[in-house]
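structure_1.csv, holding CSV, C-alpha atoms:
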chain,number,residue,atom,x,y,z
A,194,MET,CA,39.4,64.1,-5.9
A,195,LYS,CA,42.9,62.6,-6.4
A,196,PHE,CA,44.6,62.6,-9.7
A,197,LEU,CA,48.0,61.0,-10.7
A,198,LEU,CA,49.9,62.6,-13.5
A,199,GLY,CA,52.6,60.6,-15.2
A,200,GLY,CA,54.0,58.9,-18.4
A,201,VAL,CA,56.5,61.7,-19.1
A,202,PRO,CA,60.2,61.6,-18.1
A,203,LEU,CA,60.0,64.6,-15.6
A,204,GLY,CA,62.9,65.6,-13.6
A,205,CYS,CA,65.3,64.6,-16.4
A,206,ASP,CA,66.6,68.1,-17.4
A,207,ASN,CA,64.0,68.8,-20.2
A,208,ILE,CA,62.6,72.3,-19.8
A,209,GLY,CA,59.8,71.7,-22.2
A,210,ASP,CA,58.5,68.8,-20.2
A,211,GLU,CA,58.7,70.9,-17.0
A,212,ALA,CA,56.7,73.7,-18.7
A,213,ILE,CA,54.0,71.2,-19.7
A,214,ILE,CA,53.5,69.8,-16.2
A,215,ALA,CA,53.4,73.2,-14.6
A,216,CYS,CA,50.7,74.3,-17.1
A,217,VAL,CA,48.7,71.0,-16.7
A,218,VAL,CA,48.7,71.3,-12.9
A,219,ARG,CA,47.6,75.0,-13.1
A,220,LEU,CA,44.8,74.0,-15.6
A,221,ILE,CA,43.5,71.2,-13.4
A,222,ARG,CA,43.4,73.4,-10.4
A,223,THR,CA,41.3,75.8,-12.4
A,224,LEU,CA,38.9,73.1,-13.6
A,225,VAL,CA,38.7,71.1,-10.4
A,226,PRO,CA,39.3,73.4,-7.4
A,227,GLY,CA,40.6,71.5,-4.4
A,228,ALA,CA,41.9,68.6,-6.5
A,229,GLU,CA,44.8,66.6,-5.0
A,230,MET,CA,47.5,66.0,-7.6
A,231,THR,CA,50.5,63.7,-7.4
A,232,VAL,CA,53.2,64.0,-10.1
A,233,CYS,CA,55.6,61.2,-11.1
A,234,THR,CA,59.1,62.6,-11.4
A,235,ARG,CA,62.7,61.9,-10.9
A,236,ASP,CA,63.2,65.3,-9.2
A,237,ARG,CA,60.7,64.9,-6.4
A,238,GLU,CA,61.9,67.6,-4.0
A,239,ASN,CA,62.0,70.4,-6.5
A,240,THR,CA,58.7,69.4,-8.2
A,241,ALA,CA,56.9,69.3,-4.9
A,242,ARG,CA,58.3,72.7,-4.0
A,243,LEU,CA,57.7,74.4,-7.4
A,244,LEU,CA,54.2,73.0,-8.1
A,245,ALA,CA,52.9,72.5,-4.5
A,246,VAL,CA,51.9,68.9,-5.4
A,247,GLN,CA,52.6,65.4,-4.0
A,248,THR,CA,55.2,63.4,-5.9
A,249,ALA,CA,55.8,59.8,-6.7
A,250,PRO,CA,58.7,57.9,-8.4
A,251,LEU,CA,59.1,58.1,-12.2
A,252,TYR,CA,57.1,54.9,-12.8
A,253,GLY,CA,57.6,53.2,-16.1
A,254,PHE,CA,61.0,54.7,-17.0
A,255,PRO,CA,64.3,52.8,-16.8
A,256,PRO,CA,66.3,52.0,-14.8
A,257,ASP,CA,63.5,51.1,-12.4
A,258,PRO,CA,60.0,50.8,-14.1
A,259,ARG,CA,58.3,49.3,-11.1
A,260,LEU,CA,55.1,48.4,-13.0
A,261,ASP,CA,53.8,46.0,-10.4
A,262,GLU,CA,54.2,48.5,-7.7
A,263,PHE,CA,52.5,51.1,-9.9
A,264,GLN,CA,49.3,49.2,-10.2
A,265,ALA,CA,48.9,49.0,-6.5
A,266,PHE,CA,49.8,52.7,-6.1
A,267,VAL,CA,47.5,54.0,-8.9
A,268,SER,CA,44.5,52.2,-7.4
A,269,GLY,CA,44.3,54.9,-4.8
A,270,PHE,CA,43.5,57.6,-7.3
A,271,ASP,CA,40.4,58.7,-9.2
A,272,ALA,CA,42.2,59.2,-12.5
A,273,PHE,CA,45.6,58.6,-14.1
A,274,ILE,CA,46.5,61.3,-16.6
A,275,TRP,CA,49.2,60.8,-19.3
A,276,PHE,CA,50.0,64.3,-20.4
A,277,GLY,CA,52.0,66.1,-23.0
A,278,ALA,CA,55.2,65.6,-24.9
A,279,THR,CA,55.5,63.3,-27.9
A,280,GLY,CA,55.1,60.1,-26.0
A,281,LEU,CA,52.9,58.3,-28.5
A,282,SER,CA,55.8,58.0,-30.8
A,283,ASP,CA,58.8,58.6,-28.6
A,284,TYR,CA,58.2,56.1,-25.8
A,285,PRO,CA,54.9,54.2,-26.3
A,286,GLY,CA,56.4,51.1,-24.7
A,287,THR,CA,56.9,53.0,-21.5
A,288,ALA,CA,53.7,55.0,-21.1
A,289,LEU,CA,51.2,52.5,-22.5
A,290,PRO,CA,51.9,49.9,-19.8
A,291,LEU,CA,51.1,52.6,-17.2
A,292,LEU,CA,47.7,53.3,-18.7
A,293,ALA,CA,47.0,49.5,-19.0
A,294,ARG,CA,47.9,48.9,-15.3
A,295,ALA,CA,45.7,51.8,-14.3
A,296,GLN,CA,42.9,50.4,-16.3
A,297,ASP,CA,43.4,47.0,-14.7
A,298,ALA,CA,43.1,48.7,-11.3
A,299,GLY,CA,39.8,50.1,-12.3
A,300,VAL,CA,41.1,53.7,-12.5
A,301,LYS,CA,39.8,56.3,-15.0
A,302,THR,CA,42.5,56.9,-17.7
A,303,ILE,CA,43.0,60.1,-19.7
A,304,VAL,CA,45.4,61.0,-22.5
A,305,TRP,CA,45.9,64.8,-22.4
A,306,CYS,CA,47.4,66.6,-25.3
A,307,VAL,CA,50.0,64.0,-26.2
A,308,GLY,CA,51.7,64.3,-29.6
A,309,MET,CA,52.6,61.6,-32.1
A,310,ASP,CA,55.3,62.0,-34.8
A,311,ASP,CA,54.9,60.3,-38.2
A,312,GLU,CA,57.9,58.2,-37.3
A,313,LEU,CA,58.2,56.0,-34.2
A,314,ASN,CA,61.3,56.5,-32.1
A,315,PRO,CA,64.2,54.9,-34.1
A,316,ALA,CA,65.8,54.0,-30.7
A,317,PHE,CA,63.1,51.4,-30.1
A,318,PHE,CA,61.8,50.6,-33.6
A,319,GLN,CA,65.0,50.1,-35.6
A,320,VAL,CA,66.9,46.9,-35.4
A,321,ARG,CA,70.5,47.3,-34.2
A,322,GLY,CA,73.6,45.4,-33.1
A,323,LYS,CA,73.7,41.6,-33.3
A,324,ARG,CA,70.1,41.2,-34.2
A,325,LYS,CA,70.5,43.5,-37.2
A,326,LYS,CA,73.6,41.4,-38.4
A,327,LEU,CA,71.6,38.2,-38.1
A,328,LEU,CA,68.7,39.6,-40.1
A,329,GLU,CA,71.1,41.0,-42.7
A,330,ALA,CA,72.6,37.5,-43.0
A,331,LEU,CA,69.1,36.1,-43.5
A,332,THR,CA,68.6,38.7,-46.3
A,333,TRP,CA,71.9,37.5,-47.9
A,334,LEU,CA,70.9,33.9,-47.7
A,335,SER,CA,67.7,34.8,-49.5
A,336,LEU,CA,69.8,36.3,-52.3
A,337,GLY,CA,68.2,39.7,-51.6
A,338,THR,CA,64.7,38.5,-52.2
A,339,PHE,CA,63.6,39.0,-48.6
A,340,ASP,CA,64.6,42.2,-46.7
A,341,ALA,CA,64.6,40.7,-43.2
A,342,VAL,CA,65.6,44.0,-41.5
A,343,ALA,CA,62.7,45.9,-43.1
A,344,TYR,CA,60.3,43.1,-42.3
A,345,GLN,CA,61.2,43.0,-38.6
A,346,GLU,CA,61.1,46.8,-38.2
A,347,ALA,CA,57.7,46.9,-39.9
A,348,ARG,CA,56.5,44.2,-37.6
A,349,LEU,CA,57.7,46.2,-34.5
A,350,ARG,CA,55.9,49.3,-35.7
A,351,ALA,CA,52.7,47.3,-36.4
A,352,GLN,CA,52.8,45.8,-32.9
A,353,ALA,CA,53.3,49.3,-31.4
A,354,ARG,CA,50.3,50.6,-33.3
A,355,GLN,CA,48.1,47.6,-32.2
A,356,SER,CA,49.2,48.3,-28.6
A,357,ILE,CA,48.3,52.0,-28.9
A,358,PHE,CA,44.8,51.1,-30.2
A,359,LYS,CA,44.2,48.4,-27.6
A,360,THR,CA,45.1,50.7,-24.7
A,361,LEU,CA,43.8,54.0,-25.8
A,362,ALA,CA,40.4,52.6,-26.9
A,363,LYS,CA,39.8,51.9,-23.2
A,364,CYS,CA,40.5,55.5,-22.1
A,365,GLN,CA,37.7,57.8,-21.0
A,366,LEU,CA,39.2,60.7,-22.9
A,367,VAL,CA,41.9,61.0,-25.6
A,368,THR,CA,43.1,64.4,-26.7
A,369,VAL,CA,46.1,65.2,-28.8
A,370,ARG,CA,48.0,68.5,-29.4
A,371,ASP,CA,47.6,68.8,-33.1
A,372,PRO,CA,45.7,67.5,-36.1
A,373,GLU,CA,48.7,65.6,-37.4
A,374,SER,CA,48.9,63.6,-34.2
A,375,ALA,CA,45.2,62.8,-34.6
A,376,ARG,CA,45.8,61.5,-38.1
A,377,GLU,CA,48.6,59.3,-36.8
A,378,LEU,CA,46.3,57.9,-34.1
A,379,GLY,CA,43.7,57.4,-36.8
A,380,LYS,CA,46.1,55.1,-38.6
A,381,CYS,CA,46.1,52.9,-35.4
A,382,GLY,CA,42.3,52.5,-35.8
A,383,LEU,CA,41.2,55.1,-33.2
A,384,ASP,CA,38.5,57.6,-33.6
A,385,ASN,CA,36.8,60.0,-31.2
A,386,ILE,CA,40.1,61.9,-30.8
A,387,ILE,CA,39.9,65.5,-29.6
A,388,VAL,CA,42.4,67.9,-31.1
A,389,ALA,CA,43.5,70.4,-28.5
A,390,ALA,CA,46.9,72.1,-28.4
A,391,ASP,CA,50.2,71.8,-26.4
A,392,THR,CA,49.4,72.8,-22.8
A,393,ALA,CA,52.7,74.7,-22.8
A,394,ILE,CA,50.9,77.6,-24.6
A,395,LEU,CA,49.6,78.5,-21.1
A,396,GLN,CA,53.1,79.1,-19.8
A,397,GLU,CA,53.5,82.3,-17.9
A,398,THR,CA,56.4,84.7,-18.4
A,399,ALA,CA,58.8,85.7,-15.7
A,400,THR,CA,58.5,89.3,-14.7
A,401,ALA,CA,62.2,89.8,-14.4
A,402,LEU,CA,64.0,89.9,-17.7
A,403,PRO,CA,67.1,87.7,-17.7
A,404,LEU,CA,69.2,89.7,-20.2
A,405,PRO,CA,70.3,93.3,-19.8
A,406,GLU,CA,68.4,95.7,-22.0
A,407,ILE,CA,70.7,97.3,-24.6
A,408,PRO,CA,69.2,100.0,-26.8
A,409,GLY,CA,69.6,99.3,-30.5
A,410,VAL,CA,70.6,95.7,-30.1
A,411,LYS,CA,68.7,92.9,-31.9
A,412,ARG,CA,69.0,89.5,-30.4
A,413,CYS,CA,68.7,86.2,-32.3
A,414,GLY,CA,68.0,83.2,-30.1
A,415,PHE,CA,69.2,79.7,-30.8
A,416,CYS,CA,68.7,76.3,-29.3
A,417,ILE,CA,70.6,73.4,-30.9
A,418,SER,CA,69.5,70.2,-29.4
A,419,ALA,CA,72.1,67.7,-28.2
A,420,GLN,CA,69.5,65.0,-29.0
A,421,ARG,CA,69.8,64.0,-32.7
A,422,GLU,CA,72.6,66.6,-33.1
A,423,LEU,CA,72.8,69.0,-36.0
A,424,LYS,CA,75.3,67.5,-38.5
A,425,GLN,CA,76.4,70.7,-40.2
A,426,LYS,CA,78.3,72.3,-37.3
A,427,ASP,CA,80.8,74.1,-39.6
A,428,GLU,CA,77.9,75.7,-41.5
A,429,LEU,CA,76.3,76.7,-38.2
A,430,LEU,CA,79.5,78.4,-37.0
A,431,GLU,CA,79.7,80.3,-40.3
A,432,LEU,CA,76.1,81.4,-39.9
A,433,TRP,CA,76.8,82.7,-36.4
A,434,ALA,CA,79.9,84.5,-37.5
A,435,ARG,CA,78.0,86.1,-40.4
A,436,LEU,CA,75.2,87.3,-38.2
A,437,LEU,CA,77.7,88.8,-35.8
A,438,GLU,CA,79.3,90.8,-38.6
A,439,ARG,CA,76.2,93.0,-38.1
A,440,PRO,CA,77.1,95.5,-35.4
A,441,ASP,CA,73.6,95.6,-34.0
A,442,THR,CA,73.2,91.8,-33.6
A,443,ARG,CA,73.8,89.5,-30.6
A,444,LEU,CA,73.3,85.8,-30.3
A,445,VAL,CA,71.5,84.3,-27.4
A,446,LEU,CA,72.0,80.6,-26.8
A,447,ILE,CA,69.0,79.1,-24.9
A,448,PRO,CA,69.5,75.5,-23.8
A,449,MET,CA,66.3,73.5,-23.4
A,450,ASN,CA,68.3,70.8,-21.6
A,451,PRO,CA,70.5,72.8,-19.2
A,452,LYS,CA,73.1,70.1,-19.2
A,453,THR,CA,73.5,68.5,-22.7
A,454,ASP,CA,72.3,71.4,-24.8
A,455,ARG,CA,74.4,73.9,-22.8
A,456,GLU,CA,77.5,71.8,-23.1
A,457,LEU,CA,77.0,71.4,-26.9
A,458,MET,CA,76.3,75.1,-27.6
A,459,GLY,CA,78.9,76.4,-25.2
A,460,GLY,CA,81.5,74.3,-27.0
A,461,LEU,CA,80.3,75.7,-30.4
A,462,ALA,CA,80.2,79.2,-29.2
A,463,ALA,CA,83.8,79.0,-28.0
A,464,GLU,CA,84.9,78.6,-31.6
A,465,VAL,CA,83.3,81.9,-32.6
A,466,PRO,CA,85.6,85.0,-32.5
A,467,GLN,CA,83.1,87.5,-31.3
A,468,GLN,CA,82.7,86.1,-27.8
A,469,ASP,CA,81.6,89.4,-26.3
A,470,ARG,CA,78.4,89.4,-28.3
A,471,ILE,CA,77.2,85.8,-27.5
A,472,GLU,CA,75.0,85.3,-24.4
A,473,ILE,CA,74.1,82.0,-22.9
A,474,LEU,CA,71.0,81.7,-20.7
A,475,ASP,CA,71.7,79.8,-17.4
A,476,SER,CA,68.2,78.9,-16.3
A,477,SER,CA,66.1,75.8,-16.2
A,478,ASP,CA,62.9,77.8,-15.3
A,479,PRO,CA,60.4,77.8,-18.2
A,480,ALA,CA,59.1,81.2,-17.2
A,481,THR,CA,62.6,82.6,-17.4
A,482,VAL,CA,63.3,80.9,-20.7
A,483,GLN,CA,60.1,82.5,-22.1
A,484,ALA,CA,61.1,85.9,-20.8
A,485,CYS,CA,64.5,85.4,-22.5
A,486,ALA,CA,62.7,84.5,-25.8
A,487,SER,CA,60.7,87.7,-25.4
A,488,GLN,CA,64.0,89.7,-25.6
A,489,CYS,CA,64.8,88.2,-29.0
A,490,ARG,CA,63.7,89.4,-32.4
A,491,VAL,CA,63.7,85.8,-33.8
A,492,VAL,CA,64.3,82.4,-32.3
A,493,VAL,CA,65.8,79.5,-34.2
A,494,SER,CA,65.5,76.0,-32.6
A,495,SER,CA,65.6,72.3,-33.1
A,496,ARG,CA,63.7,71.9,-29.8
A,497,LEU,CA,59.9,72.1,-30.2
A,498,HIS,CA,59.2,73.7,-26.8
A,499,LEU,CA,61.5,76.7,-27.3
A,500,LEU,CA,59.5,77.4,-30.5
A,501,ILE,CA,56.3,77.2,-28.4
A,502,LEU,CA,57.6,79.5,-25.6
A,503,ALA,CA,58.8,82.1,-28.1
A,504,SER,CA,55.4,82.0,-29.9
A,505,ASN,CA,53.7,82.5,-26.6
A,506,VAL,CA,55.4,86.0,-26.4
A,507,HIS,CA,54.7,86.6,-30.1
A,508,VAL,CA,58.3,86.3,-31.2
A,509,PRO,CA,58.8,84.8,-34.7
A,510,VAL,CA,60.4,81.4,-34.9
A,511,ILE,CA,62.4,79.3,-37.4
A,512,GLY,CA,62.5,75.6,-36.9
A,513,ILE,CA,65.1,73.0,-37.7
A,514,GLU,CA,63.3,69.7,-38.0
A,515,ARG,CA,64.0,66.9,-35.6
A,516,GLY,CA,60.9,64.7,-36.2
A,517,SER,CA,57.6,65.9,-37.6
A,518,LYS,CA,56.6,67.7,-34.4
A,519,ILE,CA,58.5,70.9,-35.4
A,520,ARG,CA,57.0,70.8,-38.8
A,521,ASN,CA,53.5,70.3,-37.2
A,522,TRP,CA,54.0,73.4,-35.0
A,523,LEU,CA,55.1,75.6,-37.8
A,524,ALA,CA,52.1,74.5,-39.9
A,525,ASN,CA,50.0,76.6,-37.5
A,526,PHE,CA,51.8,79.6,-39.0
A,527,HIS,CA,51.7,78.3,-42.6
A,528,ASP,CA,55.4,77.9,-42.3
A,529,VAL,CA,57.9,75.1,-42.9
A,530,PRO,CA,61.3,74.3,-41.3
A,531,ALA,CA,64.5,75.6,-42.7
A,532,GLY,CA,65.6,72.0,-43.1
A,533,THR,CA,66.4,69.1,-40.8
A,534,VAL,CA,69.2,68.4,-38.3
A,535,TYR,CA,70.7,66.2,-41.1
A,536,ASN,CA,70.3,68.6,-44.0
A,537,CYS,CA,69.7,72.3,-43.1
A,538,ASP,CA,69.6,75.0,-45.7
A,539,PHE,CA,71.8,77.6,-44.0
A,540,HIS,CA,71.5,80.1,-46.9
A,541,LEU,CA,67.7,80.0,-46.5
A,542,LEU,CA,68.1,80.2,-42.7
A,543,TYR,CA,70.3,83.3,-43.0
A,544,LYS,CA,67.8,85.0,-45.3
A,545,ARG,CA,64.9,84.3,-43.0
A,546,ILE,CA,66.7,85.5,-39.9
A,547,LEU,CA,67.6,88.8,-41.7
A,548,GLY,CA,64.0,89.1,-42.8
A,549,PHE,CA,62.8,89.1,-39.1
A,550,LEU,CA,65.7,91.3,-37.9
A,551,GLU,CA,64.8,93.9,-40.5
A,552,THR,CA,61.0,94.0,-39.9
A,553,SER,CA,59.3,95.5,-36.9
A,554,ALA,CA,58.5,93.4,-33.8
A,555,GLU,CA,54.9,94.8,-33.9
A,556,HIS,CA,54.4,93.6,-37.4
A,557,ASP,CA,55.5,90.1,-36.5
A,558,ALA,CA,53.4,90.0,-33.3
A,559,ALA,CA,50.3,91.0,-35.2
A,560,ASN,CA,50.8,88.0,-37.4
A,561,ILE,CA,51.4,85.6,-34.5
A,562,ALA,CA,48.6,86.7,-32.2
A,563,PRO,CA,45.6,85.3,-34.1
A,564,VAL,CA,47.3,81.9,-34.5
A,565,MET,CA,47.9,81.7,-30.8
A,566,ALA,CA,44.3,82.8,-30.1
A,567,ALA,CA,43.0,79.9,-32.3
A,568,LEU,CA,45.2,77.4,-30.4
A,569,TYR,CA,43.9,78.8,-27.0
A,570,HIS,CA,40.4,78.3,-28.3
A,571,ARG,CA,41.1,74.7,-29.2
A,572,LEU,CA,42.7,74.0,-25.8
A,573,ASN,CA,39.8,75.6,-23.9
A,574,GLU,CA,37.3,73.5,-25.8
A,575,ALA,CA,39.3,70.4,-24.9
A,576,ALA,CA,39.5,71.6,-21.3
A,577,ASP,CA,35.7,71.5,-21.1
A,578,TYR,CA,35.9,67.8,-22.0
A,579,LEU,CA,38.6,67.2,-19.5
A,580,LYS,CA,36.6,68.8,-16.7
A,581,ALA,CA,33.5,66.8,-17.5
A,582,THR,CA,35.6,63.6,-17.6
A,583,LEU,CA,37.3,64.2,-14.3
A,584,LEU,CA,34.1,65.1,-12.5
A,585,GLU,CA,31.8,62.4,-14.0

Could I get this structure in the form of structure tokens?
Amino acid sequence: MKFLLGGVPLGCDNIGDEAIIACVVRLIRTLVPGAEMTVCTRDRENTARLLAVQTAPLYGFPPDPRLDEFQAFVSGFDAFIWFGATGLSDYPGTALPLLARAQDAGVKTIVWCVGMDDELNPAFFQVRGKRKKLLEALTWLSLGTFDAVAYQEARLRAQARQSIFKTLAKCQLVTVRDPESARELGKCGLDNIIVAADTAILQETATALPLPEIPGVKRCGFCISAQRELKQKDELLELWARLLERPDTRLVLIPMNPKTDRELMGGLAAEVPQQDRIEILDSSDPATVQACASQCRVVVSSRLHLLILASNVHVPVIGIERGSKIRNWLANFHDVPAGTVYNCDFHLLYKRILGFLETSAEHDAANIAPVMAALYHRLNEAADYLKATLLE
């Protein structure tokens, strides 16, 4: 059987997305031995080498969507699988047309463990530039009785939700990664949604540890995303300096985008006096990132998938919210973020970090393990539906 996997911007320097596809490929090989898989990615050579799959162009994503070509291409497969990430809210206008073209070609379509925030991507669903000025002028002409900007943005969101319903209602299987995403899809009018988990919980850990083992040292991992940047950079630097006043503490900066996150955090770290106690991971391999997280006593991140990889190795996490996806992940642990990238409570963040640094790793792992076991169970149940759908 031949399956095409796409709808996610792979090969674009997002370690979380690469973790998801590696886990999805491994899962499908377990469910359907001998399956031939083709992955849509911008980094075709490395993806083919690392995953032992065929590759195809990154259909649907600018600058070259190639939707007409995609419909002809996908017709040669038994199923098209849109997998992972937060695409239902981040880029529905990209992935939904791929599903629709596959459906038009008579190909089975599956949505696998995709997430949906409670807010559609502002980049696509907020009015900007000249159009915003024109609408603001219309509001002014109405003497403030008609908010033209709000009306247009609400119209765009309603159209997106209608498109989600129309396309996903024709899919043979729709699974999402958390109950919150299922509720958001329910608002679009969909039912029969299976709640699974993020496939990245299946990520394996590299056997070689990337950081030197130093007796008595407690590492605190950080990832500050360059996407929707943290606004309170001075407060972050004060937090880092305060943590490094503790002689047993080191900071580990773990970029989840090896280019943009590394540039941002490297620049911030250069402003901290204690350079000798700040380590920056230089790896784009998800297994190595997970191994690095395993060497930390706590991980703080505004990137969802570092929180997931740390949880995989039973390391406690603290999230800084950048969309509801981080809040949704922490809800599994009956926890909430320390704030948002726009308004983070650094006093609370410091107290929570100290709490984890001063408790035993065994105690924290014992609390995390049953949560992860429940997520594995959810994912395994969904995998049974996936297998049946692929084979029917």

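Taking atom CA of Ile407 of chain A and atom CA of Ala554 of chain A as endpoints, the distance between them is 15.8 Å.
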
**Item:** Who sits within 9 Å of segment 213-223 of chain A, only C-alpha atoms, same chain under 4 positions skipped, as a PyMOL selection string
**Value:** chain A and resi 198+203+208-209+227-230+232+243-244+246+276-278+305+391-397+576+579-580

**Computed interatomic separation between atom CA of Lys325 of chain A and atom CA of Arg421 of chain A (Å)** =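 One can read the atom CA of Lys325 of chain A to atom CA of Arg421 of chain A distance as 21.0 Å.
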
**Message:** Taking only C-alpha atoms into account, name the residue in A:Phe415, A:Arg496, A:Thr360, A:Asp557 that is nearest to Gly459 of chain A.
**Reply:**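 Residue with the minimum atom-to-atom distance to Gly459 of chain A: A:Phe415.
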
So that I can see what lies close to Ile511 of chain A, please list as a PDB file with C-alpha atoms, keeping the file's coordinate frame the residues with an atom at most 8 Å from it, counting only C-alpha atoms and leaving out residues fewer than 3 positions away in the same chain.
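Saved file around08.pdb follows:
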ATOM      1  CA  VAL A 491      63.700  85.800 -33.800  1.00  0.00           C
ATOM      2  CA  VAL A 492      64.300  82.400 -32.300  1.00  0.00           C
ATOM      3  CA  VAL A 493      65.800  79.500 -34.200  1.00  0.00           C
ATOM      4  CA  SER A 494      65.500  76.000 -32.600  1.00  0.00           C
ATOM      5  CA  LEU A 500      59.500  77.400 -30.500  1.00  0.00           C
ATOM      6  CA  PRO A 530      61.300  74.300 -41.300  1.00  0.00           C
ATOM      7  CA  ALA A 531      64.500  75.600 -42.700  1.00  0.00           C
ATOM      8  CA  LEU A 542      68.100  80.200 -42.700  1.00  0.00           C
ATOM      9  CA  ARG A 545      64.900  84.300 -43.000  1.00  0.00           C
ATOM     10  CA  ILE A 546      66.700  85.500 -39.900  1.00  0.00           C
TER      11      ILE A 546
END

Return segment 361-374 of chain A, completed with N, CA and C atoms, as an mmCIF file, in the frame of the given file.
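Okay, part-v3.cif is ready:
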data_model
loop_
_atom_site.group_PDB
_atom_site.id
_atom_site.type_symbol
_atom_site.label_atom_id
_atom_site.label_comp_id
_atom_site.auth_asym_id
_atom_site.auth_seq_id
_atom_site.Cartn_x
_atom_site.Cartn_y
_atom_site.Cartn_z
ATOM 1 N N LEU A 361 44.461 52.761 -25.751
ATOM 2 C CA LEU A 361 43.800 54.000 -25.800
ATOM 3 C C LEU A 361 42.275 53.891 -26.040
ATOM 4 N N ALA A 362 41.869 52.788 -26.651
ATOM 5 C CA ALA A 362 40.400 52.600 -26.900
ATOM 6 C C ALA A 362 39.692 52.398 -25.535
ATOM 7 N N LYS A 363 40.411 52.060 -24.469
ATOM 8 C CA LYS A 363 39.800 51.900 -23.200
ATOM 9 C C LYS A 363 39.832 53.159 -22.307
ATOM 10 N N CYS A 364 40.450 54.221 -22.823
ATOM 11 C CA CYS A 364 40.500 55.500 -22.100
ATOM 12 C C CYS A 364 39.217 56.225 -22.102
ATOM 13 N N GLN A 365 38.945 56.956 -21.034
ATOM 14 C CA GLN A 365 37.700 57.800 -21.000
ATOM 15 C C GLN A 365 37.819 59.019 -21.839
ATOM 16 N N LEU A 366 39.044 59.499 -22.082
ATOM 17 C CA LEU A 366 39.200 60.700 -22.900
ATOM 18 C C LEU A 366 40.607 60.638 -23.545
ATOM 19 N N VAL A 367 40.653 60.919 -24.851
ATOM 20 C CA VAL A 367 41.900 61.000 -25.600
ATOM 21 C C VAL A 367 41.972 62.321 -26.321
ATOM 22 N N THR A 368 42.910 63.163 -25.936
ATOM 23 C CA THR A 368 43.100 64.400 -26.700
ATOM 24 C C THR A 368 44.578 64.448 -27.132
ATOM 25 N N VAL A 369 44.798 65.090 -28.268
ATOM 26 C CA VAL A 369 46.100 65.200 -28.800
ATOM 27 C C VAL A 369 46.413 66.718 -29.059
ATOM 28 N N ARG A 370 47.681 67.051 -29.296
ATOM 29 C CA ARG A 370 48.000 68.500 -29.400
ATOM 30 C C ARG A 370 47.903 69.081 -30.751
ATOM 31 N N ASP A 371 47.721 68.252 -31.781
ATOM 32 C CA ASP A 371 47.600 68.800 -33.100
ATOM 33 C C ASP A 371 46.896 67.861 -34.056
ATOM 34 N N PRO A 372 46.396 68.369 -35.193
ATOM 35 C CA PRO A 372 45.700 67.500 -36.100
ATOM 36 C C PRO A 372 46.537 66.377 -36.684
ATOM 37 N N GLU A 373 47.834 66.645 -36.840
ATOM 38 C CA GLU A 373 48.700 65.600 -37.400
ATOM 39 C C GLU A 373 48.820 64.414 -36.462
ATOM 40 N N SER A 374 48.864 64.665 -35.153
ATOM 41 C CA SER A 374 48.900 63.600 -34.200
ATOM 42 C C SER A 374 47.571 62.770 -34.252
#
